[in-house]
Structures are given as C-alpha cells and as structure tokens.
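See below for the structure under consideration.
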Amino acid sequence: MTIAVCPGSFDPLTLGHLDVIRRARSMFDEVVVGIARNSSKAALLPIDVRLTLARTALGDLDGVRVEAVDGLLADFVRTVGASAVVKGLRGGADFDAELPMALMNRHLSGVETVFVVGDQKLAHIASSLVKDVARYGGPIDDLVPEGVVDAVRAALRERDAR
Ligand code: PNS
C-alpha cells in the first residue's frame, strides 16, 4: 500500500489543487491531503474551515482523506506512514519555492518529494490571486470548487468589518 501526502495551506483550496491531488491519487494507493500552517503567510480562512471545505470537495474521491498538520510536515509524513510528499508545479517560481522545502523535509525525515506538473489550463490559479480577485469583487467561481466561493467572500467581509 503506497501512501503520499499532498501538503499545503489550501487557503483556499483551488481547482489547481484538486487537479494535483487527483494526479497524486493516480500514482499512489492512498493520498492524505495535509492542511498545514505556512509561517510565512497570514491565513484568511481558519484551519477548521479549510478542513471542511477540502473534505466536502474531495468527499467523492476514493482513497483520499484530509487531515490537519499540527506541527512539522516531516513528522506528519512519518505518522501517516507515507513514502512521499507530492507537490504540484505551475512553473519555475514554484520549483524555486519548493526545492528548499523538499530538501529540508528529506533532511528531517528522509521523505522524498515528487513534483507533479498540473494541467496547464489551471496554471494561472494561485490561492493568493483567488483572494485578491475576490477582494476586489471579481468572479472566482471558475477557479475554486463549489462551496469555497461563499467561504472566501464571508471571510473577506469579516476581515473588512474588523
Ligand atoms: O501551500 P503552501 O503554503 O505552499 O504549503 C507550504 C506548507 C504548508 C506545506 C509548508 O509551509 C509546511 O510544510 N508547513 C508545515 C510546517 C513545516 O513542516 N515547516 C517546515 C517546511 S520545510
């Protein structure tokens, strides 16, 4: 039984993430989507909301489950018994950001990172851009799974009201 972890902040989950998770599932028997904190980013959506949205969007995918990563990803990978981390690449900038994390995770736990090239038609979709488009009233319904649109808009309204 081969297990992979697809980690990320998923703030919010996008159609690009779903594409990478599906591709990871085509290579591994089980995929654990690990929703983690990225200490270099301030999250818009609380982790419990991100968990609920991901579980709803991925509910019909056999062999995929969603968990919170509470500490180090390297420890989480060991705990779930995964043999690899899978990350999607949209371009060179992604690789530059991912390479140090892949090397650090291998240093910490010996885990290998597998890079997957996502669907080129989705290469413009980034969680940060989705939030920016939504913040200025643009449409995001063709960028994220159903259910995520309302959660992003509600979180932005709440943030603006503070
Ligand atoms: O979607 P992102 O923000 O690019 O994902 C980055 C993430 C969340 C996977 C990374 O920040 C992470 O692994 N966070 C958990 C804490 C950790 O292990 N930090 C060291 C990473 S080498």
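Identifiers for the structure tokens are assigned positionally: chains receive A, B, ... in sequence, residues are indexed from 1 per chain, and ligands are indexed from 1 in the order shown.
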Dump the neighbourhood of ligand 1 as a ChimeraX atom specification: all residues within 6 Å, distances computed on only C-alpha atoms and all ligand atoms.
-> /A:7-10,36-38,71-74,101,104-105
Using only C-alpha atoms, which residues sit within 6 Å of Leu15 of chain A once same-chain residues fewer than 2 positions away are excluded, as a PyMOL selection string?
-> chain A and resi 17-18+143-144
Write down as a list in words the residues belonging to segment 14-115 of chain A that are assigned strand (DSSP E) by DSSP computed on the backbone.
->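 The residues of segment 14-115 of chain A classed as strand (DSSP E) are Glu30, Val31, Val32, Val33, Gly34, Ile35, Val64, Arg65, Val66, Glu67, Ala68, Ala84, Val85, Val86, Lys87, Gly88, Leu89, Glu112, Thr113, Val114 and Phe115 of chain A.
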Tell me which protein, DNA and RNA residues are within 10 Å of Ile35 of chain A, counting only C-alpha atoms, leaving out same-chain ones fewer than 6 positions away, and put them as a ChimeraX atom specification.
-> /A:5-11,13,47-48,50-51,54,66-70,73
Extract, using only C-alpha atoms, all DNA, RNA and protein residues at most 10 Å from Val49 of chain A, discarding same-chain residues fewer than 3 positions from it, and format them as number ranges by chain.
-> A: 11-12, 45-46, 52-55, 148, 151
Keeping only all heavy atoms, write those residues as a compact mmCIF listing (two decimals), in the first residue's frame.
```txt
# COMPACT_ATOMS: atom_id res chain seq x y z
N ASP A 11 -5.45 27.79 1.21
CA ASP A 11 -6.14 28.98 1.75
C ASP A 11 -6.49 29.95 0.62
O ASP A 11 -5.87 31.00 0.53
CB ASP A 11 -5.22 29.64 2.79
CG ASP A 11 -5.87 30.84 3.44
OD1 ASP A 11 -7.04 30.73 3.84
OD2 ASP A 11 -5.21 31.91 3.54
N PRO A 12 -7.48 29.62 -0.23
CA PRO A 12 -8.36 28.46 -0.18
C PRO A 12 -7.90 27.36 -1.15
O PRO A 12 -7.03 27.57 -2.00
CB PRO A 12 -9.69 29.05 -0.68
CG PRO A 12 -9.24 30.01 -1.75
CD PRO A 12 -7.94 30.59 -1.26
N LEU A 45 -8.55 31.97 5.84
CA LEU A 45 -9.54 31.02 6.36
C LEU A 45 -8.96 30.25 7.55
O LEU A 45 -7.84 29.74 7.47
CB LEU A 45 -9.93 30.02 5.27
CG LEU A 45 -10.56 30.60 4.00
CD1 LEU A 45 -10.65 29.53 2.93
CD2 LEU A 45 -11.93 31.17 4.29
N PRO A 46 -9.75 30.12 8.63
CA PRO A 46 -9.28 29.29 9.75
C PRO A 46 -9.08 27.84 9.30
O PRO A 46 -9.73 27.40 8.35
CB PRO A 46 -10.42 29.38 10.77
CG PRO A 46 -11.33 30.44 10.30
CD PRO A 46 -11.07 30.68 8.84
N THR A 52 -13.00 21.56 6.42
CA THR A 52 -14.38 21.26 5.99
C THR A 52 -14.53 21.41 4.49
O THR A 52 -15.11 20.56 3.81
CB THR A 52 -15.37 22.19 6.72
OG1 THR A 52 -15.16 22.03 8.12
CG2 THR A 52 -16.81 21.88 6.38
N LEU A 53 -13.97 22.51 3.95
CA LEU A 53 -14.09 22.76 2.50
C LEU A 53 -13.40 21.65 1.70
O LEU A 53 -13.94 21.17 0.70
CB LEU A 53 -13.50 24.12 2.14
CG LEU A 53 -14.24 25.35 2.68
CD1 LEU A 53 -13.44 26.61 2.40
CD2 LEU A 53 -15.64 25.45 2.09
N ALA A 54 -12.22 21.25 2.16
CA ALA A 54 -11.48 20.21 1.43
C ALA A 54 -12.20 18.86 1.54
O ALA A 54 -12.28 18.12 0.55
CB ALA A 54 -10.06 20.10 1.97
N ARG A 55 -12.73 18.56 2.73
CA ARG A 55 -13.44 17.28 2.88
C ARG A 55 -14.69 17.24 2.00
O ARG A 55 -15.01 16.21 1.42
CB ARG A 55 -13.79 17.04 4.36
CG ARG A 55 -12.57 16.63 5.14
CD ARG A 55 -12.84 16.35 6.60
NE ARG A 55 -11.59 15.94 7.23
CZ ARG A 55 -11.21 16.25 8.46
NH1 ARG A 55 -12.00 16.98 9.24
NH2 ARG A 55 -10.06 15.82 8.95
N VAL A 148 -16.43 26.93 -1.85
CA VAL A 148 -15.28 27.74 -1.45
C VAL A 148 -15.56 29.23 -1.70
O VAL A 148 -15.13 30.09 -0.94
CB VAL A 148 -14.01 27.28 -2.19
CG1 VAL A 148 -12.84 28.21 -1.94
CG2 VAL A 148 -13.64 25.85 -1.76
N ALA A 151 -17.31 30.85 1.24
CA ALA A 151 -16.43 30.89 2.42
C ALA A 151 -15.39 32.01 2.28
O ALA A 151 -15.11 32.73 3.25
CB ALA A 151 -15.73 29.54 2.60
```
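One distance worth recording is that between atom CA of Ala102 of chain A and atom CA of Val85 of chain A, which is 8.4 Å.
Of the residues under consideration (A:Lys87, A:Arg162, A:Arg106, A:Arg157), A:Lys87 shows the shortest atom-to-atom contact distance to Ala24 of chain A when counting only C-alpha atoms.
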Counting only C-alpha atoms, which of A:Leu122, A:Leu156, A:Ala4, A:Ala134 gets nearest to Val77 of chain A?
->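 Smallest separation from Val77 of chain A among the options: A:Ala4.
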How would you write, as a PyMOL selection string, the set of residues in chain A that DSSP gives as alpha helix (DSSP H)?
-> chain A and resi 15-25+47-58+73-80+92-109+127-135+148-161
For Val86 of chain A, list every protein, DNA or RNA residue within 6 Å, evaluated using only C-alpha atoms, and leave out those in the same chain fewer than 5 positions away; present the list as a compact mmCIF listing (two decimals) with C-alpha atoms, in the first residue's frame.
```txt
# COMPACT_ATOMS: atom_id res chain seq x y z
CA CYS A 6 -0.28 16.32 -0.56
CA THR A 113 9.17 14.79 -2.69
CA VAL A 114 7.56 14.01 -6.04
CA PHE A 115 6.78 17.00 -8.25
```
Contacts of Gly16 of chain A at 9 Å or less, counting only C-alpha atoms, minus same-chain residues fewer than 5 places along, as a compact mmCIF listing (two decimals) with C-alpha atoms, in the first residue's frame?
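Output (result27.txt):
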```
# COMPACT_ATOMS: atom_id res chain seq x y z
CA ILE A 21 -4.48 15.68 -5.77
CA GLY A 88 2.30 20.49 -7.98
CA GLY A 118 -0.51 20.22 -13.26
CA ASP A 119 -2.96 20.97 -16.06
CA LEU A 122 -5.12 25.82 -14.50
CA ALA A 123 -1.58 27.22 -14.24
CA HIS A 124 -2.81 30.78 -13.58
CA ILE A 125 -4.71 29.72 -10.46
CA ALA A 126 -3.00 30.53 -7.16
CA LEU A 143 -11.25 28.99 -10.02
CA VAL A 144 -12.31 27.10 -6.88
```
Option closest in space to Gly92 of chain A, from A:Val117, A:Met27, A:Ala154, A:Pro139 [counting only C-alpha atoms] =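 Residue with the minimum atom-to-atom distance to Gly92 of chain A: A:Val117.
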How far is it from atom CA of Ala57 of chain A to atom CA of Thr14 of chain A, in Å with one decimal?
->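 Here the two named atoms are 9.9 Å from each other.
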Just give me the gap between atom CA of Phe95 of chain A and atom CA of Arg78 of chain A in Å, one decimal is fine.
->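 Going from atom CA of Phe95 of chain A over to atom CA of Arg78 of chain A covers 23.6 Å.
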Using only C-alpha atoms, pick whichever of A:Arg65, A:Val80, A:Ala97, A:Leu58 has the shortest atom-to-atom distance to Ser40 of chain A.
->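 Nearest to Ser40 of chain A: A:Ala97.
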Have a look at A:Asp75, A:Leu44, A:Arg90, A:Gly81 and name the one nearest to Val152 of chain A; count only C-alpha atoms.
->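 Checking each of A:Asp75, A:Leu44, A:Arg90, A:Gly81 against Val152 of chain A, counting only C-alpha atoms, the winner is A:Leu44.
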Shell of 9 Å around Ile3 of chain A, only C-alpha atoms, local chain residues under 6 positions omitted, as a list in words = Phe28, Asp29, Glu30, Val31, Val32, Val80, Gly81, Ala82, Ser83, Ala84 and Val85 of chain A
